[in-house]
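Below you'll find the structure, written out as structure tokens, and then a few comments.
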Amino acid sequence: MTLSRIGLPEIIAGILVVALNAYVLMGGADYGGGVWDLLASGPRRKEQRDLIAHSIAPIWEANHVWLIVVVVMLFTAFPLAFNDLGIILHIPITLMLIGIVLRGTAFVFRSYGARGTVAEVRWGMTFAIASTITPVVLGMIIGAVASGRVSRALGLIETGTFAQVYVMPWLGLFPIATGLMALALFAFLAAVYLAHAAAADALRDDFRRRGLIAGVVVFLLAFAALAIAFTRAPMVARGLTESGWALAVHVLTGVAAVIAFAALWTRRYALARIAAAAQVTFILWGWVVAQYPYVLPPSVTIRDAAAPAITLELLLAGLIGGALILIPSLRYLLRTFAP
């Protein structure tokens, strides 16, 4: 990464990633809550689901603000990339949107509209399954972009088959690995957050064990994804192992992971929550650093895809003004409702 090449397009791209980071840490934990809702078990199964619902209910809708910010910034600041992504990845993007709508609808109906055990079970299963599938699709989209499969598919639009252009870019081995890793990361985050939020020691221990297991799964999937990258996404592998920033990001990720595990093991839940959020953040930014300066590797850079300077300037002004309203409002919401 060359600091001298950082201008307004790169600043806007950085803010976009910050918004995506916020969505991962907040909305991602909600998806992970759905995973644990699906896997609730043992004598405290009902209490586990009640805690998940209580933790998600006040803020689940607000978390989508960050996704809206990401989408609006993408089509305003980088319209070329938005156009290409919307064409090549229209299937997984549509699946992701359906999953978001299904999980939100099911959560509301289960919480406020269900009458009787059958209805509650039906809406609960819909919520849990949609919460599990949606982050996998999100991870597959990221994997398709990072591996350069989207750019290659753009070159096949005139000559390739429907499957080659619109299915294989996101259904390859590397995108599937990143999809599963995204699911494991969200489940890990949710377990740590829920362990911190639980009032009863027994319930805390339930999610503490789940957090430790999910953390091990994240570790294994991260190594699997890197191994696959060397053959299926060599540009990602080079960025993660050879770039000047790679070592620093890996060290920070490792330190955060060790602290999160140690804190969970010793039941220091507040520290575990901070360390888990840091670990996920460093993993996300590791992908960004590995891909920089490309929006759609290996051909479309941030500057290639950027809108005219006046558009970026107006967008930045709008973001600053919006942040003055949004951030204090969300802070007040979290202080009011979050444990």
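Quick note on naming: the chains in the structure tokens go A, B, ... in the order shown, residues restart at 1 in each chain, and ligands are numbered from 1 in order of appearance.
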Could you list, as a PyMOL selection string, every residue within 10 Å of Gly179 of chain A, counting only C-alpha atoms and ignoring same-chain residues fewer than 3 positions away?
chain A and resi 133-144+170-171+173-176+182-185+221+225
Could you name the residues that touch Pro43 of chain A at 12 Å or less, counting only C-alpha atoms, but leaving out those on the same chain fewer than 4 positions away, as a ChimeraX atom specification?
/A:47-49,202-203,206
May I have the selected residues written with C-alpha atoms, as a PDB file, in the first residue's frame?
ATOM      1  CA  GLU A  47     -33.449 -19.645  27.907  1.00  0.00           C
ATOM      2  CA  GLN A  48     -30.806 -19.577  25.158  1.00  0.00           C
ATOM      3  CA  ARG A  49     -33.374 -18.574  22.546  1.00  0.00           C
ATOM      4  CA  ALA A 202     -24.996 -21.422  33.564  1.00  0.00           C
ATOM      5  CA  LEU A 203     -26.257 -19.565  30.487  1.00  0.00           C
ATOM      6  CA  ASP A 206     -23.403 -22.343  27.440  1.00  0.00           C
TER       7      ASP A 206
END
Identify, on the basis of only C-alpha atoms, every residue whose closest approach to segment 74-77 of chain A does not exceed 9 Å; exclude the query and any residue fewer than 4 positions from it along the same chain; express the result as a ChimeraX atom specification.
/A:9,12-13,16,69-70,81-83,305-308,311-312,315
Would you put the residues from that selection into a file with C-alpha atoms, as a PDB file, in the first residue's frame?
ATOM      1  CA  PRO A   9     -11.201   8.063  -3.996  1.00  0.00           C
ATOM      2  CA  ILE A  12     -14.113   7.307   0.280  1.00  0.00           C
ATOM      3  CA  ALA A  13     -13.256   3.630  -0.223  1.00  0.00           C
ATOM      4  CA  LEU A  16     -17.009   2.380   2.821  1.00  0.00           C
ATOM      5  CA  VAL A  69     -24.584   3.110   3.760  1.00  0.00           C
ATOM      6  CA  VAL A  70     -22.321   0.581   1.999  1.00  0.00           C
ATOM      7  CA  ALA A  81     -17.959  -1.469  -9.814  1.00  0.00           C
ATOM      8  CA  PHE A  82     -21.588  -1.337  -8.684  1.00  0.00           C
ATOM      9  CA  ASN A  83     -22.734  -2.010 -12.244  1.00  0.00           C
ATOM     10  CA  ALA A 305     -14.090   2.861 -10.796  1.00  0.00           C
ATOM     11  CA  ALA A 306     -14.362   6.220  -9.017  1.00  0.00           C
ATOM     12  CA  ALA A 307     -17.023   8.783  -9.886  1.00  0.00           C
ATOM     13  CA  PRO A 308     -16.034  12.358 -10.856  1.00  0.00           C
ATOM     14  CA  THR A 311     -19.492  13.621  -6.852  1.00  0.00           C
ATOM     15  CA  LEU A 312     -16.966  12.320  -4.338  1.00  0.00           C
ATOM     16  CA  LEU A 315     -20.693  12.450  -1.032  1.00  0.00           C
TER      17      LEU A 315
END
Could you jot down the atom CA of Trp265 of chain A to atom CA of Asp30 of chain A separation for me, Å, one decimal place?
23.0 Å
Can you pull out the residues contacting Gln279 of chain A? Cut-off 6 Å, using only C-alpha atoms, and skip same-chain residues under 6 positions away; I want them as a list in words.
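The residues satisfying every condition are Thr253, Ala256 and Ala257 of chain A.
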Between A:Ser41, A:Thr301, A:Ser55, A:Ser151, which is the closest to Arg210 of chain A once you count only C-alpha atoms?
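With only C-alpha atoms as the atom set, the closest residue is A:Ser41.
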Quick one, how far is atom CA of Leu80 of chain A from atom CA of Ile6 of chain A?
19.7 Å
What lies within 9 Å of Ile100 of chain A using only C-alpha atoms, ignoring chain neighbours under 5 positions off, as a PyMOL selection string?
chain A and resi 95+105+130-131+134
Quick one: residues within 12 Å of Phe282 of chain A, only C-alpha atoms, excluding same-chain residues fewer than 6 positions away - as a list in words?
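Residues meeting the cut-off are Val17, Val18, Asn21, Val24, Leu25, Leu185, Trp245, Ala246, Leu247, Ala248, Val249, His250, Val251, Leu252, Thr253, Gly254, Val255, Ala256, Ala257, Ala275, Ala276, Val288, Val289 and Ala290 of chain A.
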Show me, as a list of chain:residue names, the residues that have an atom within 10 Å of Ala214 of chain A when counting only C-alpha atoms, minus same-chain residues fewer than 2 positions from it.
A:Leu183, A:Ala184, A:Leu185, A:Phe186, A:Ala187, A:Phe188, A:Leu189, A:Ala190, A:Ala191, A:Val192, A:Arg208, A:Arg209, A:Arg210, A:Gly211, A:Leu212, A:Val216, A:Val217, A:Val218, A:Phe219, A:Leu220
Convert the current residue selection to file output with N, CA and C atoms, as a PDB file, in the first residue's frame.
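That gives us again04.pdb:
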ATOM      1  N   LEU A 183     -19.618 -17.312   8.070  1.00  0.00           N
ATOM      2  CA  LEU A 183     -20.606 -17.886   8.988  1.00  0.00           C
ATOM      3  C   LEU A 183     -19.967 -18.194  10.343  1.00  0.00           C
ATOM      4  N   ALA A 184     -18.785 -18.783  10.329  1.00  0.00           N
ATOM      5  CA  ALA A 184     -18.109 -19.122  11.578  1.00  0.00           C
ATOM      6  C   ALA A 184     -17.720 -17.870  12.359  1.00  0.00           C
ATOM      7  N   LEU A 185     -17.269 -16.836  11.652  1.00  0.00           N
ATOM      8  CA  LEU A 185     -16.917 -15.582  12.317  1.00  0.00           C
ATOM      9  C   LEU A 185     -18.123 -14.954  13.001  1.00  0.00           C
ATOM     10  N   PHE A 186     -19.264 -14.942  12.303  1.00  0.00           N
ATOM     11  CA  PHE A 186     -20.465 -14.344  12.877  1.00  0.00           C
ATOM     12  C   PHE A 186     -20.955 -15.159  14.069  1.00  0.00           C
ATOM     13  N   ALA A 187     -20.853 -16.477  13.963  1.00  0.00           N
ATOM     14  CA  ALA A 187     -21.263 -17.326  15.092  1.00  0.00           C
ATOM     15  C   ALA A 187     -20.341 -17.105  16.287  1.00  0.00           C
ATOM     16  N   PHE A 188     -19.056 -16.934  16.029  1.00  0.00           N
ATOM     17  CA  PHE A 188     -18.087 -16.666  17.100  1.00  0.00           C
ATOM     18  C   PHE A 188     -18.409 -15.344  17.784  1.00  0.00           C
ATOM     19  N   LEU A 189     -18.631 -14.294  16.993  1.00  0.00           N
ATOM     20  CA  LEU A 189     -18.977 -12.999  17.553  1.00  0.00           C
ATOM     21  C   LEU A 189     -20.220 -13.088  18.422  1.00  0.00           C
ATOM     22  N   ALA A 190     -21.256 -13.724  17.889  1.00  0.00           N
ATOM     23  CA  ALA A 190     -22.522 -13.818  18.610  1.00  0.00           C
ATOM     24  C   ALA A 190     -22.362 -14.559  19.927  1.00  0.00           C
ATOM     25  N   ALA A 191     -21.610 -15.649  19.917  1.00  0.00           N
ATOM     26  CA  ALA A 191     -21.430 -16.421  21.145  1.00  0.00           C
ATOM     27  C   ALA A 191     -20.726 -15.597  22.216  1.00  0.00           C
ATOM     28  N   VAL A 192     -19.709 -14.844  21.816  1.00  0.00           N
ATOM     29  CA  VAL A 192     -18.977 -14.008  22.781  1.00  0.00           C
ATOM     30  C   VAL A 192     -19.880 -12.897  23.316  1.00  0.00           C
ATOM     31  N   ARG A 208     -20.228 -19.533  26.318  1.00  0.00           N
ATOM     32  CA  ARG A 208     -18.767 -19.572  26.395  1.00  0.00           C
ATOM     33  C   ARG A 208     -18.241 -20.795  25.653  1.00  0.00           C
ATOM     34  N   ARG A 209     -18.834 -21.954  25.884  1.00  0.00           N
ATOM     35  CA  ARG A 209     -18.408 -23.167  25.178  1.00  0.00           C
ATOM     36  C   ARG A 209     -18.627 -23.028  23.677  1.00  0.00           C
ATOM     37  N   ARG A 210     -19.752 -22.460  23.300  1.00  0.00           N
ATOM     38  CA  ARG A 210     -20.018 -22.264  21.869  1.00  0.00           C
ATOM     39  C   ARG A 210     -18.995 -21.307  21.250  1.00  0.00           C
ATOM     40  N   GLY A 211     -18.619 -20.276  21.990  1.00  0.00           N
ATOM     41  CA  GLY A 211     -17.628 -19.343  21.487  1.00  0.00           C
ATOM     42  C   GLY A 211     -16.275 -19.989  21.277  1.00  0.00           C
ATOM     43  N   LEU A 212     -15.857 -20.828  22.208  1.00  0.00           N
ATOM     44  CA  LEU A 212     -14.577 -21.518  22.075  1.00  0.00           C
ATOM     45  C   LEU A 212     -14.589 -22.466  20.876  1.00  0.00           C
ATOM     46  N   VAL A 216     -12.329 -22.099  17.278  1.00  0.00           N
ATOM     47  CA  VAL A 216     -11.501 -23.153  16.681  1.00  0.00           C
ATOM     48  C   VAL A 216     -11.894 -23.370  15.220  1.00  0.00           C
ATOM     49  N   VAL A 217     -13.198 -23.360  14.949  1.00  0.00           N
ATOM     50  CA  VAL A 217     -13.672 -23.533  13.574  1.00  0.00           C
ATOM     51  C   VAL A 217     -13.181 -22.389  12.681  1.00  0.00           C
ATOM     52  N   VAL A 218     -13.222 -21.154  13.204  1.00  0.00           N
ATOM     53  CA  VAL A 218     -12.701 -20.008  12.455  1.00  0.00           C
ATOM     54  C   VAL A 218     -11.233 -20.222  12.119  1.00  0.00           C
ATOM     55  N   PHE A 219     -10.454 -20.666  13.091  1.00  0.00           N
ATOM     56  CA  PHE A 219      -9.026 -20.919  12.892  1.00  0.00           C
ATOM     57  C   PHE A 219      -8.801 -21.944  11.781  1.00  0.00           C
ATOM     58  N   LEU A 220      -9.534 -23.042  11.823  1.00  0.00           N
ATOM     59  CA  LEU A 220      -9.368 -24.099  10.819  1.00  0.00           C
ATOM     60  C   LEU A 220      -9.793 -23.625   9.434  1.00  0.00           C
TER      61      LEU A 220
END
Atomic distance atom CA of Ala163 of chain A - atom CA of Ile93 of chain A, expressed in Å with one decimal
15.9 Å
Write down as a PyMOL selection string the residues belonging to segment 53-300 of chain A that are assigned strand (DSSP E) by DSSP computed on the backbone.
chain A and resi 294-296+300
For the helix (DSSP H, G or I) assignment from backbone DSSP, which residues of segment 50-192 of chain A qualify? Please present them as a PyMOL selection string.
chain A and resi 50-56+64-77+79-88+90-113+117-146+149-154+162-166+173-192
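Among the candidates A:Gly322, A:Pro293, A:Pro92, A:Gly124, the residue lying nearest to Tyr166 of chain A is A:Pro92 (atoms considered: only C-alpha atoms).
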Of the candidates A:Gly99, A:Gly244, A:Pro328, A:Pro234, which shows the shortest atom-to-atom distance to Thr126 of chain A, using only C-alpha atoms?
A:Gly99
